[in-house]
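Below is the file model_30.cif, which contains mmCIF, N, CA and C atoms and all ligand atoms.
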```cif
data_run
#
loop_
_atom_site.label_atom_id
_atom_site.label_comp_id
_atom_site.auth_asym_id
_atom_site.auth_seq_id
_atom_site.Cartn_x
_atom_site.Cartn_y
_atom_site.Cartn_z
N MET A 5 -13.88 4.57 17.46
CA MET A 5 -14.93 3.90 18.23
C MET A 5 -15.16 2.46 17.75
N CYS A 6 -15.02 2.22 16.47
CA CYS A 6 -15.29 0.88 15.92
C CYS A 6 -14.23 -0.11 16.39
N PHE A 7 -14.68 -1.22 16.96
CA PHE A 7 -13.70 -2.25 17.35
C PHE A 7 -13.85 -3.52 16.49
N GLN A 8 -14.47 -3.37 15.33
CA GLN A 8 -14.49 -4.41 14.31
C GLN A 8 -15.21 -5.70 14.76
N CYS A 9 -16.32 -5.53 15.47
CA CYS A 9 -17.05 -6.72 15.93
C CYS A 9 -17.80 -7.42 14.81
N GLY A 10 -18.17 -6.67 13.77
CA GLY A 10 -18.87 -7.27 12.63
C GLY A 10 -20.39 -7.30 12.77
N THR A 11 -20.92 -6.76 13.84
CA THR A 11 -22.38 -6.75 14.02
C THR A 11 -23.07 -6.02 12.86
N CYS A 12 -22.46 -4.95 12.41
CA CYS A 12 -23.05 -4.17 11.31
C CYS A 12 -23.17 -5.03 10.05
N THR A 13 -22.11 -5.73 9.71
CA THR A 13 -22.13 -6.56 8.51
C THR A 13 -23.14 -7.70 8.66
N ALA A 14 -23.24 -8.27 9.84
CA ALA A 14 -24.13 -9.42 10.05
C ALA A 14 -25.60 -9.05 9.80
N GLY A 15 -25.97 -7.81 10.06
CA GLY A 15 -27.37 -7.44 9.89
C GLY A 15 -27.64 -6.63 8.64
N CYS A 16 -26.62 -6.41 7.82
CA CYS A 16 -26.77 -5.49 6.67
C CYS A 16 -27.50 -6.17 5.51
N PRO A 17 -28.69 -5.69 5.13
CA PRO A 17 -29.42 -6.32 4.03
C PRO A 17 -28.70 -6.18 2.69
N SER A 18 -27.97 -5.12 2.49
CA SER A 18 -27.25 -4.95 1.22
C SER A 18 -26.14 -5.98 1.08
N GLY A 19 -25.53 -6.33 2.19
CA GLY A 19 -24.44 -7.31 2.16
C GLY A 19 -24.89 -8.73 1.92
N ARG A 20 -26.19 -8.98 2.06
CA ARG A 20 -26.68 -10.35 1.84
C ARG A 20 -26.61 -10.74 0.38
N ARG A 21 -26.70 -9.77 -0.50
CA ARG A 21 -26.76 -10.09 -1.93
C ARG A 21 -25.57 -9.56 -2.73
N THR A 22 -24.64 -8.93 -2.05
CA THR A 22 -23.50 -8.35 -2.75
C THR A 22 -22.22 -8.65 -1.96
N SER A 23 -21.13 -8.18 -2.50
CA SER A 23 -19.86 -8.35 -1.79
C SER A 23 -19.66 -7.26 -0.74
N TYR A 24 -20.64 -6.40 -0.59
CA TYR A 24 -20.53 -5.26 0.32
C TYR A 24 -20.36 -5.71 1.77
N ARG A 25 -19.35 -5.20 2.42
CA ARG A 25 -19.12 -5.48 3.84
C ARG A 25 -18.87 -4.15 4.55
N VAL A 26 -19.89 -3.71 5.29
CA VAL A 26 -19.79 -2.38 5.90
C VAL A 26 -18.67 -2.34 6.95
N ARG A 27 -18.44 -3.44 7.63
CA ARG A 27 -17.34 -3.46 8.61
C ARG A 27 -16.01 -3.13 7.93
N LYS A 28 -15.82 -3.70 6.72
CA LYS A 28 -14.57 -3.44 5.99
C LYS A 28 -14.45 -1.95 5.64
N LEU A 29 -15.59 -1.38 5.24
CA LEU A 29 -15.57 0.05 4.89
C LEU A 29 -15.17 0.89 6.11
N MET A 30 -15.71 0.53 7.27
CA MET A 30 -15.36 1.27 8.49
C MET A 30 -13.86 1.10 8.80
N ARG A 31 -13.34 -0.08 8.57
CA ARG A 31 -11.92 -0.33 8.83
C ARG A 31 -11.03 0.48 7.87
N LEU A 32 -11.42 0.49 6.61
CA LEU A 32 -10.64 1.28 5.64
C LEU A 32 -10.64 2.75 6.01
N ALA A 33 -11.80 3.22 6.51
CA ALA A 33 -11.87 4.63 6.94
C ALA A 33 -10.95 4.87 8.14
N GLN A 34 -10.96 3.93 9.08
CA GLN A 34 -10.08 4.06 10.25
C GLN A 34 -8.61 4.15 9.83
N LEU A 35 -8.28 3.39 8.80
CA LEU A 35 -6.89 3.32 8.35
C LEU A 35 -6.54 4.45 7.38
N GLY A 36 -7.54 5.26 7.04
CA GLY A 36 -7.27 6.38 6.14
C GLY A 36 -7.00 5.97 4.70
N GLN A 37 -7.60 4.85 4.30
CA GLN A 37 -7.37 4.35 2.93
C GLN A 37 -8.32 5.04 1.95
N LYS A 38 -8.12 6.33 1.80
CA LYS A 38 -9.07 7.13 1.02
C LYS A 38 -9.17 6.67 -0.44
N ASP A 39 -8.04 6.43 -1.06
CA ASP A 39 -8.09 6.08 -2.49
C ASP A 39 -8.88 4.79 -2.71
N GLU A 40 -8.64 3.83 -1.85
CA GLU A 40 -9.37 2.56 -1.99
C GLU A 40 -10.87 2.77 -1.81
N ILE A 41 -11.21 3.64 -0.87
CA ILE A 41 -12.64 3.88 -0.59
C ILE A 41 -13.30 4.61 -1.75
N VAL A 42 -12.71 5.71 -2.21
CA VAL A 42 -13.40 6.52 -3.22
C VAL A 42 -13.48 5.81 -4.58
N ASN A 43 -12.61 4.83 -4.79
CA ASN A 43 -12.66 4.07 -6.04
C ASN A 43 -13.47 2.78 -5.91
N SER A 44 -14.08 2.59 -4.75
CA SER A 44 -14.76 1.32 -4.51
C SER A 44 -16.24 1.39 -4.88
N GLU A 45 -16.73 0.36 -5.56
CA GLU A 45 -18.17 0.27 -5.86
C GLU A 45 -18.95 0.10 -4.57
N GLU A 46 -18.34 -0.54 -3.60
CA GLU A 46 -19.05 -0.85 -2.36
C GLU A 46 -19.51 0.41 -1.62
N LEU A 47 -18.81 1.50 -1.84
CA LEU A 47 -19.20 2.74 -1.17
C LEU A 47 -20.64 3.11 -1.51
N TRP A 48 -21.13 2.62 -2.68
CA TRP A 48 -22.46 3.00 -3.15
C TRP A 48 -23.48 1.91 -2.91
N GLU A 49 -23.12 0.84 -2.23
CA GLU A 49 -24.05 -0.27 -2.07
C GLU A 49 -24.89 -0.19 -0.80
N CYS A 50 -24.61 0.75 0.06
CA CYS A 50 -25.42 0.95 1.27
C CYS A 50 -26.72 1.63 0.88
N SER A 51 -27.84 1.10 1.39
CA SER A 51 -29.15 1.69 1.08
C SER A 51 -29.59 2.69 2.16
N THR A 52 -28.72 2.96 3.12
CA THR A 52 -29.01 3.87 4.25
C THR A 52 -30.25 3.43 5.03
N CYS A 53 -30.35 2.12 5.26
CA CYS A 53 -31.52 1.62 6.02
C CYS A 53 -31.36 1.81 7.52
N TYR A 54 -30.14 2.04 7.98
CA TYR A 54 -29.84 2.31 9.40
C TYR A 54 -29.89 1.09 10.32
N THR A 55 -30.02 -0.11 9.76
CA THR A 55 -30.00 -1.30 10.63
C THR A 55 -28.70 -1.37 11.41
N CYS A 56 -27.60 -1.12 10.74
CA CYS A 56 -26.29 -1.19 11.40
C CYS A 56 -26.16 -0.16 12.51
N VAL A 57 -26.70 1.02 12.27
CA VAL A 57 -26.60 2.08 13.28
C VAL A 57 -27.38 1.67 14.53
N GLU A 58 -28.54 1.05 14.33
CA GLU A 58 -29.35 0.61 15.47
C GLU A 58 -28.65 -0.48 16.28
N ARG A 59 -27.82 -1.28 15.62
CA ARG A 59 -27.23 -2.45 16.29
C ARG A 59 -25.80 -2.26 16.77
N CYS A 60 -25.12 -1.26 16.28
CA CYS A 60 -23.70 -1.11 16.61
C CYS A 60 -23.49 -0.92 18.12
N PRO A 61 -22.71 -1.80 18.76
CA PRO A 61 -22.52 -1.68 20.21
C PRO A 61 -21.65 -0.49 20.60
N ARG A 62 -20.99 0.12 19.62
CA ARG A 62 -20.13 1.27 19.92
C ARG A 62 -20.75 2.59 19.46
N ALA A 63 -22.00 2.52 19.05
CA ALA A 63 -22.72 3.73 18.62
C ALA A 63 -21.95 4.50 17.54
N VAL A 64 -21.35 3.75 16.64
CA VAL A 64 -20.66 4.42 15.51
C VAL A 64 -21.74 5.00 14.57
N PRO A 65 -21.66 6.25 14.21
CA PRO A 65 -22.64 6.81 13.27
C PRO A 65 -22.31 6.36 11.84
N ILE A 66 -22.56 5.08 11.60
CA ILE A 66 -22.06 4.44 10.37
C ILE A 66 -22.58 5.14 9.10
N VAL A 67 -23.87 5.42 9.08
CA VAL A 67 -24.42 6.03 7.86
C VAL A 67 -23.84 7.44 7.66
N ASP A 68 -23.66 8.16 8.76
CA ASP A 68 -23.04 9.49 8.63
C ASP A 68 -21.63 9.36 8.04
N VAL A 69 -20.92 8.32 8.47
CA VAL A 69 -19.57 8.10 7.94
C VAL A 69 -19.65 7.81 6.44
N ILE A 70 -20.60 6.94 6.07
CA ILE A 70 -20.74 6.58 4.66
C ILE A 70 -21.10 7.81 3.81
N VAL A 71 -22.02 8.61 4.30
CA VAL A 71 -22.41 9.82 3.55
C VAL A 71 -21.21 10.77 3.42
N ALA A 72 -20.44 10.90 4.51
CA ALA A 72 -19.26 11.77 4.45
C ALA A 72 -18.25 11.23 3.43
N LEU A 73 -18.08 9.91 3.41
CA LEU A 73 -17.16 9.31 2.43
C LEU A 73 -17.66 9.52 1.00
N ARG A 74 -18.96 9.39 0.83
CA ARG A 74 -19.54 9.61 -0.51
C ARG A 74 -19.34 11.07 -0.94
N ASN A 75 -19.51 11.97 0.01
CA ASN A 75 -19.31 13.39 -0.32
C ASN A 75 -17.87 13.64 -0.75
N ILE A 76 -16.93 13.01 -0.06
CA ILE A 76 -15.52 13.15 -0.45
C ILE A 76 -15.33 12.59 -1.85
N ALA A 77 -15.89 11.40 -2.08
CA ALA A 77 -15.72 10.75 -3.39
C ALA A 77 -16.26 11.64 -4.51
N VAL A 78 -17.47 12.15 -4.33
CA VAL A 78 -18.09 12.97 -5.38
C VAL A 78 -17.33 14.27 -5.57
N SER A 79 -16.87 14.87 -4.47
CA SER A 79 -16.13 16.14 -4.61
C SER A 79 -14.83 15.95 -5.37
N GLU A 80 -14.36 14.70 -5.42
CA GLU A 80 -13.13 14.41 -6.17
C GLU A 80 -13.43 13.80 -7.55
N GLY A 81 -14.71 13.85 -7.94
CA GLY A 81 -15.07 13.43 -9.30
C GLY A 81 -15.44 11.97 -9.44
N HIS A 82 -15.58 11.26 -8.33
CA HIS A 82 -15.98 9.85 -8.42
C HIS A 82 -17.50 9.76 -8.30
N ILE A 83 -18.16 9.80 -9.46
CA ILE A 83 -19.63 9.75 -9.44
C ILE A 83 -20.09 8.91 -10.63
N TYR A 84 -21.05 8.03 -10.40
CA TYR A 84 -21.58 7.19 -11.48
C TYR A 84 -22.56 8.00 -12.33
N ASP A 85 -22.61 7.63 -13.62
CA ASP A 85 -23.50 8.35 -14.55
C ASP A 85 -24.94 8.37 -14.06
N ASN A 86 -25.42 7.22 -13.58
CA ASN A 86 -26.82 7.17 -13.14
C ASN A 86 -27.07 8.05 -11.93
N HIS A 87 -26.09 8.12 -11.04
CA HIS A 87 -26.23 9.01 -9.88
C HIS A 87 -26.25 10.46 -10.36
N LYS A 88 -25.38 10.74 -11.33
CA LYS A 88 -25.31 12.11 -11.84
C LYS A 88 -26.63 12.50 -12.50
N LYS A 89 -27.21 11.56 -13.28
CA LYS A 89 -28.49 11.87 -13.94
C LYS A 89 -29.58 12.13 -12.90
N THR A 90 -29.58 11.33 -11.84
CA THR A 90 -30.57 11.53 -10.78
C THR A 90 -30.39 12.90 -10.14
N ALA A 91 -29.14 13.26 -9.88
CA ALA A 91 -28.85 14.56 -9.27
C ALA A 91 -29.23 15.69 -10.23
N GLN A 92 -29.01 15.48 -11.52
CA GLN A 92 -29.36 16.52 -12.50
C GLN A 92 -30.87 16.75 -12.54
N ASN A 93 -31.65 15.69 -12.28
CA ASN A 93 -33.11 15.87 -12.22
C ASN A 93 -33.48 16.88 -11.15
N LEU A 94 -32.79 16.79 -10.02
CA LEU A 94 -33.06 17.72 -8.92
C LEU A 94 -32.82 19.15 -9.39
N TYR A 95 -31.77 19.31 -10.13
CA TYR A 95 -31.38 20.61 -10.65
C TYR A 95 -32.40 21.10 -11.68
N ARG A 96 -32.87 20.17 -12.51
CA ARG A 96 -33.73 20.50 -13.65
C ARG A 96 -35.19 20.72 -13.25
N ILE A 97 -35.71 19.79 -12.41
CA ILE A 97 -37.15 19.86 -12.11
C ILE A 97 -37.46 19.97 -10.61
N GLY A 98 -36.40 19.93 -9.78
CA GLY A 98 -36.64 20.06 -8.34
C GLY A 98 -36.98 18.75 -7.65
N HIS A 99 -36.98 17.66 -8.40
CA HIS A 99 -37.22 16.32 -7.85
C HIS A 99 -36.14 15.39 -8.41
N THR A 100 -35.78 14.38 -7.64
CA THR A 100 -34.81 13.43 -8.20
C THR A 100 -35.49 12.44 -9.15
N VAL A 101 -36.78 12.20 -8.92
CA VAL A 101 -37.51 11.25 -9.79
C VAL A 101 -38.64 12.01 -10.49
N PRO A 102 -38.62 12.04 -11.84
CA PRO A 102 -39.69 12.74 -12.54
C PRO A 102 -41.02 11.98 -12.43
N VAL A 103 -42.12 12.68 -12.65
CA VAL A 103 -43.42 12.02 -12.67
C VAL A 103 -43.56 11.28 -14.00
N LYS A 104 -43.88 9.99 -13.92
CA LYS A 104 -43.99 9.20 -15.15
C LYS A 104 -45.34 9.43 -15.81
N SER A 105 -45.37 9.13 -17.14
CA SER A 105 -46.59 9.42 -17.90
C SER A 105 -47.79 8.65 -17.36
N ASP A 106 -47.58 7.41 -16.89
CA ASP A 106 -48.75 6.66 -16.40
C ASP A 106 -49.31 7.29 -15.12
N ILE A 107 -48.44 7.91 -14.35
CA ILE A 107 -48.92 8.59 -13.14
C ILE A 107 -49.69 9.85 -13.53
N THR A 108 -49.18 10.54 -14.55
CA THR A 108 -49.88 11.74 -15.03
C THR A 108 -51.29 11.36 -15.52
N GLU A 109 -51.36 10.24 -16.28
CA GLU A 109 -52.67 9.80 -16.78
C GLU A 109 -53.60 9.45 -15.63
N LEU A 110 -53.06 8.79 -14.62
CA LEU A 110 -53.87 8.42 -13.45
C LEU A 110 -54.39 9.67 -12.74
N ARG A 111 -53.50 10.66 -12.62
CA ARG A 111 -53.91 11.91 -11.97
C ARG A 111 -55.05 12.57 -12.76
N LYS A 112 -54.90 12.57 -14.11
CA LYS A 112 -55.94 13.17 -14.94
C LYS A 112 -57.27 12.45 -14.74
N SER A 113 -57.21 11.10 -14.70
CA SER A 113 -58.45 10.33 -14.56
C SER A 113 -59.13 10.60 -13.22
N LEU A 114 -58.37 11.09 -12.26
CA LEU A 114 -58.93 11.41 -10.94
C LEU A 114 -59.31 12.89 -10.83
N GLY A 115 -59.15 13.59 -11.96
CA GLY A 115 -59.51 15.00 -11.96
C GLY A 115 -58.47 15.90 -11.31
N LEU A 116 -57.26 15.39 -11.21
CA LEU A 116 -56.18 16.17 -10.59
C LEU A 116 -55.35 16.86 -11.67
N PRO A 117 -54.64 17.93 -11.32
CA PRO A 117 -53.72 18.54 -12.30
C PRO A 117 -52.61 17.55 -12.69
N ASP A 118 -51.97 17.78 -13.83
CA ASP A 118 -50.92 16.87 -14.31
C ASP A 118 -49.84 16.64 -13.25
N ASN A 119 -49.43 17.73 -12.62
CA ASN A 119 -48.34 17.65 -11.64
C ASN A 119 -48.85 17.87 -10.22
N PRO A 120 -48.22 17.24 -9.24
CA PRO A 120 -48.61 17.48 -7.85
C PRO A 120 -48.22 18.91 -7.43
N PRO A 121 -48.81 19.40 -6.33
CA PRO A 121 -48.54 20.80 -5.93
C PRO A 121 -47.21 20.92 -5.20
N THR A 122 -46.16 20.54 -5.89
CA THR A 122 -44.81 20.65 -5.33
C THR A 122 -44.04 21.64 -6.19
N VAL A 123 -42.72 21.58 -6.10
CA VAL A 123 -41.90 22.47 -6.93
C VAL A 123 -42.16 22.25 -8.42
N LEU A 124 -42.69 21.06 -8.75
CA LEU A 124 -42.99 20.74 -10.15
C LEU A 124 -43.98 21.73 -10.76
N SER A 125 -44.88 22.23 -9.95
CA SER A 125 -45.87 23.15 -10.50
C SER A 125 -45.72 24.54 -9.88
N ASN A 126 -44.51 24.85 -9.46
CA ASN A 126 -44.29 26.16 -8.84
C ASN A 126 -42.95 26.73 -9.33
N LYS A 127 -43.06 27.59 -10.34
CA LYS A 127 -41.86 28.12 -10.98
C LYS A 127 -40.96 28.87 -9.99
N LYS A 128 -41.60 29.61 -9.10
CA LYS A 128 -40.82 30.39 -8.13
C LYS A 128 -40.03 29.45 -7.20
N ALA A 129 -40.69 28.37 -6.80
CA ALA A 129 -40.00 27.40 -5.91
C ALA A 129 -38.82 26.78 -6.63
N LEU A 130 -39.00 26.50 -7.92
CA LEU A 130 -37.89 25.92 -8.68
C LEU A 130 -36.72 26.91 -8.78
N GLU A 131 -37.06 28.17 -8.92
CA GLU A 131 -35.99 29.20 -8.95
C GLU A 131 -35.24 29.22 -7.61
N GLU A 132 -36.00 29.04 -6.53
CA GLU A 132 -35.36 29.03 -5.20
C GLU A 132 -34.47 27.79 -5.03
N VAL A 133 -34.95 26.67 -5.56
CA VAL A 133 -34.12 25.46 -5.53
C VAL A 133 -32.81 25.72 -6.28
N ASP A 134 -32.94 26.38 -7.40
CA ASP A 134 -31.78 26.71 -8.22
C ASP A 134 -30.77 27.55 -7.43
N ILE A 135 -31.28 28.54 -6.70
CA ILE A 135 -30.41 29.41 -5.90
C ILE A 135 -29.69 28.59 -4.82
N ILE A 136 -30.43 27.72 -4.15
CA ILE A 136 -29.84 26.90 -3.08
C ILE A 136 -28.76 25.98 -3.65
N LEU A 137 -29.08 25.32 -4.78
CA LEU A 137 -28.12 24.38 -5.36
C LEU A 137 -26.85 25.09 -5.81
N LYS A 138 -27.02 26.29 -6.37
CA LYS A 138 -25.84 27.05 -6.80
C LYS A 138 -25.02 27.49 -5.59
N ALA A 139 -25.71 27.93 -4.53
CA ALA A 139 -25.00 28.38 -3.32
C ALA A 139 -24.20 27.22 -2.71
N ALA A 140 -24.73 26.01 -2.87
CA ALA A 140 -24.05 24.82 -2.31
C ALA A 140 -22.97 24.28 -3.25
N GLY A 141 -22.88 24.86 -4.44
CA GLY A 141 -21.90 24.38 -5.41
C GLY A 141 -22.32 23.10 -6.09
N PHE A 142 -23.59 22.74 -5.92
CA PHE A 142 -24.14 21.50 -6.48
C PHE A 142 -24.06 21.50 -8.01
N ASP A 143 -24.32 22.67 -8.60
CA ASP A 143 -24.32 22.76 -10.07
C ASP A 143 -22.96 22.43 -10.65
N LYS A 144 -21.90 22.79 -9.94
CA LYS A 144 -20.55 22.51 -10.45
C LYS A 144 -20.22 21.02 -10.37
N ILE A 145 -20.78 20.36 -9.35
CA ILE A 145 -20.49 18.93 -9.17
C ILE A 145 -21.24 18.07 -10.18
N VAL A 146 -22.52 18.41 -10.41
CA VAL A 146 -23.33 17.52 -11.26
C VAL A 146 -23.64 18.13 -12.62
N GLY A 147 -23.15 19.33 -12.87
CA GLY A 147 -23.51 20.03 -14.10
C GLY A 147 -23.07 19.36 -15.37
S1 LIG A 201 -19.14 -0.19 13.14
FE1 LIG A 201 -19.99 -0.93 15.08
S2 LIG A 201 -21.05 -2.85 14.53
FE2 LIG A 201 -19.64 -2.36 12.85
S3 LIG A 201 -17.76 -3.46 13.30
FE3 LIG A 201 -17.53 -1.40 14.15
S4 LIG A 201 -18.21 -1.55 16.28
FE4 LIG A 201 -18.97 -3.38 15.22
S1 LIG A 202 -27.40 1.47 6.57
FE1 LIG A 202 -26.19 0.65 4.86
S2 LIG A 202 -24.47 -0.40 5.81
FE2 LIG A 202 -26.01 -0.09 7.40
S3 LIG A 202 -27.22 -1.99 7.41
FE3 LIG A 202 -28.27 -0.56 6.05
S4 LIG A 202 -27.47 -0.98 3.99
FE4 LIG A 202 -26.08 -1.94 5.48
#
```
As a first step, turn the structure in this file into structure tokens.
Amino acid sequence: MCFQCGTCTAGCPSGRRTSYRVRKLMRLAQLGQKDEIVNSEELWECSTCYTCVERCPRAVPIVDVIVALRNIAVSEGHIYDNHKKTAQNLYRIGHTVPVKSDITELRKSLGLPDNPPTVLSNKKALEEVDIILKAAGFDKIVG
């Protein structure tokens, strides 16, 4: 579907400050250049803001393509340490971002419990998250 018009790249906020060119990524995918894609830092520079998807004249599901490419990359072991740590948080506490101590203090000052009423304060929910992640094979990828 992509005819390489460049509209996606022209509106991409991530490309304004980096070498990231989403049009190039779409072209590499069209050409089946898997090795180049999975080894590329640019694959991780999209913030999934969807500006390109809104503007693409060919209705290319660009973000879906990027997510699919990232899934391929990770399944083949191409994952950055920081991404892995973030994913491990999900496994460990059920959230990708832990509650910071200053937030805990603020909650206490407002008379709230240390943790919000999410999986963080629900052991059974965390066990269920664990079951889902294992069923998806997530533990093997980020373990
Ligand atoms: S993905 Fe869409 S906007 Fe981007 S180059 Fe291809 S046709 Fe143009
Ligand atoms: S979704 Fe990604 S590629 Fe598309 S405009 Fe936003 S940052 Fe750029």
Point to revise | DSSP-assigned alpha helix (DSSP H) members of stretch 85-131 of chain A, reported as a ChimeraX atom specification | key: /A:85-97,105-113,127-131
Check your understanding: Residues at most 5 Å from ligand LIG 201 (chain A), using all atoms listed in the file? Could they come as an MDAnalysis selection string?
Key -> chainID A and resid 6:12 27 60:62
Can you build me a table of chain A residues sitting at most 9 Å from ligand LIG 202 (chain A), with the closest atom pair per residue and its distance in Å to one decimal, using only C-alpha atoms and all ligand atoms, sorted by chain and residue number, as a Markdown table?
```
| residue | atom | partner | partner_atom | distance |
| --- | --- | --- | --- | --- |
| A:Cys12 | CA | A:LIG202 | S3 | 6.1 |
| A:Thr13 | CA | A:LIG202 | FE4 | 6.8 |
| A:Ala14 | CA | A:LIG202 | S3 | 8.5 |
| A:Gly15 | CA | A:LIG202 | S3 | 6.0 |
| A:Cys16 | CA | A:LIG202 | S3 | 3.6 |
| A:Pro17 | CA | A:LIG202 | S4 | 5.7 |
| A:Ser18 | CA | A:LIG202 | S4 | 4.8 |
| A:Gly19 | CA | A:LIG202 | FE4 | 6.5 |
| A:Tyr24 | CA | A:LIG202 | FE4 | 8.3 |
| A:Arg25 | CA | A:LIG202 | S2 | 7.6 |
| A:Val26 | CA | A:LIG202 | S2 | 5.1 |
| A:Arg27 | CA | A:LIG202 | S2 | 8.2 |
| A:Leu29 | CA | A:LIG202 | S2 | 9.0 |
| A:Glu49 | CA | A:LIG202 | S4 | 7.0 |
| A:Cys50 | CA | A:LIG202 | FE1 | 3.7 |
| A:Ser51 | CA | A:LIG202 | S4 | 4.3 |
| A:Thr52 | CA | A:LIG202 | S1 | 3.7 |
| A:Cys53 | CA | A:LIG202 | FE3 | 3.9 |
| A:Tyr54 | CA | A:LIG202 | S1 | 3.8 |
| A:Thr55 | CA | A:LIG202 | S3 | 4.3 |
| A:Cys56 | CA | A:LIG202 | FE2 | 4.2 |
| A:Val57 | CA | A:LIG202 | FE2 | 6.3 |
| A:Glu58 | CA | A:LIG202 | S3 | 8.7 |
| A:Arg59 | CA | A:LIG202 | S3 | 8.9 |
| A:Ile66 | CA | A:LIG202 | FE2 | 6.7 |
| A:Val67 | CA | A:LIG202 | S1 | 5.6 |
| A:Ile70 | CA | A:LIG202 | S2 | 8.0 |
```
**Study point:** Distance query A:Ile107 at most 8 Å, only N, CA and C atoms, self and fewer than 4 positions along chain excluded, as number ranges by chain
**Key:** A: 103, 111-113, 118-119
**Study point:** Top pick for closest residue to A:His82, considering A:Leu116, A:Thr108, A:Asn43, A:Arg21 and counting all atoms listed in the file
**Key:** A:Asn43
What are the centre and edge lengths in Å, to one decimal, of the axis-aligned box around all listed atoms of stretch 124-127 of chain A with 8 Å added on each side, as lines of an AutoDock Vina configuration file?
```
center_x = -43.4
center_y = 24.8
center_z = -9.9
size_x = 20.9
size_y = 24.1
size_z = 18.2
```
Atom completion result for stretch 7-12 of chain A (all heavy atoms) as a compact mmCIF listing (two decimals), in the coordinates of the input:
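Dumped everything to result_37.txt:
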```
# COMPACT_ATOMS: atom_id res chain seq x y z
N PHE A 7 -14.68 -1.22 16.96
CA PHE A 7 -13.70 -2.25 17.35
C PHE A 7 -13.85 -3.52 16.49
O PHE A 7 -13.45 -4.61 16.91
CB PHE A 7 -13.72 -2.54 18.85
CG PHE A 7 -15.03 -3.02 19.44
CD1 PHE A 7 -15.09 -3.33 20.78
CD2 PHE A 7 -16.17 -3.19 18.68
CE1 PHE A 7 -16.26 -3.79 21.36
CE2 PHE A 7 -17.35 -3.65 19.24
CZ PHE A 7 -17.40 -3.93 20.58
N GLN A 8 -14.47 -3.37 15.33
CA GLN A 8 -14.49 -4.41 14.31
C GLN A 8 -15.21 -5.70 14.76
O GLN A 8 -14.75 -6.80 14.47
CB GLN A 8 -13.07 -4.72 13.82
CG GLN A 8 -12.47 -3.61 12.96
CD GLN A 8 -13.12 -3.52 11.59
OE1 GLN A 8 -12.96 -4.42 10.76
NE2 GLN A 8 -13.87 -2.46 11.36
N CYS A 9 -16.32 -5.53 15.47
CA CYS A 9 -17.05 -6.72 15.93
C CYS A 9 -17.80 -7.42 14.81
O CYS A 9 -18.10 -8.60 14.88
CB CYS A 9 -18.01 -6.33 17.05
SG CYS A 9 -19.37 -5.27 16.48
N GLY A 10 -18.17 -6.67 13.77
CA GLY A 10 -18.87 -7.27 12.63
C GLY A 10 -20.39 -7.30 12.77
O GLY A 10 -21.08 -7.81 11.88
N THR A 11 -20.92 -6.76 13.84
CA THR A 11 -22.38 -6.75 14.02
C THR A 11 -23.07 -6.02 12.86
O THR A 11 -24.13 -6.42 12.40
CB THR A 11 -22.75 -6.08 15.36
OG1 THR A 11 -22.06 -6.76 16.40
CG2 THR A 11 -24.24 -6.12 15.62
N CYS A 12 -22.46 -4.95 12.41
CA CYS A 12 -23.05 -4.17 11.31
C CYS A 12 -23.17 -5.03 10.05
O CYS A 12 -24.23 -5.09 9.42
CB CYS A 12 -22.21 -2.92 11.03
SG CYS A 12 -20.45 -3.21 10.85
```
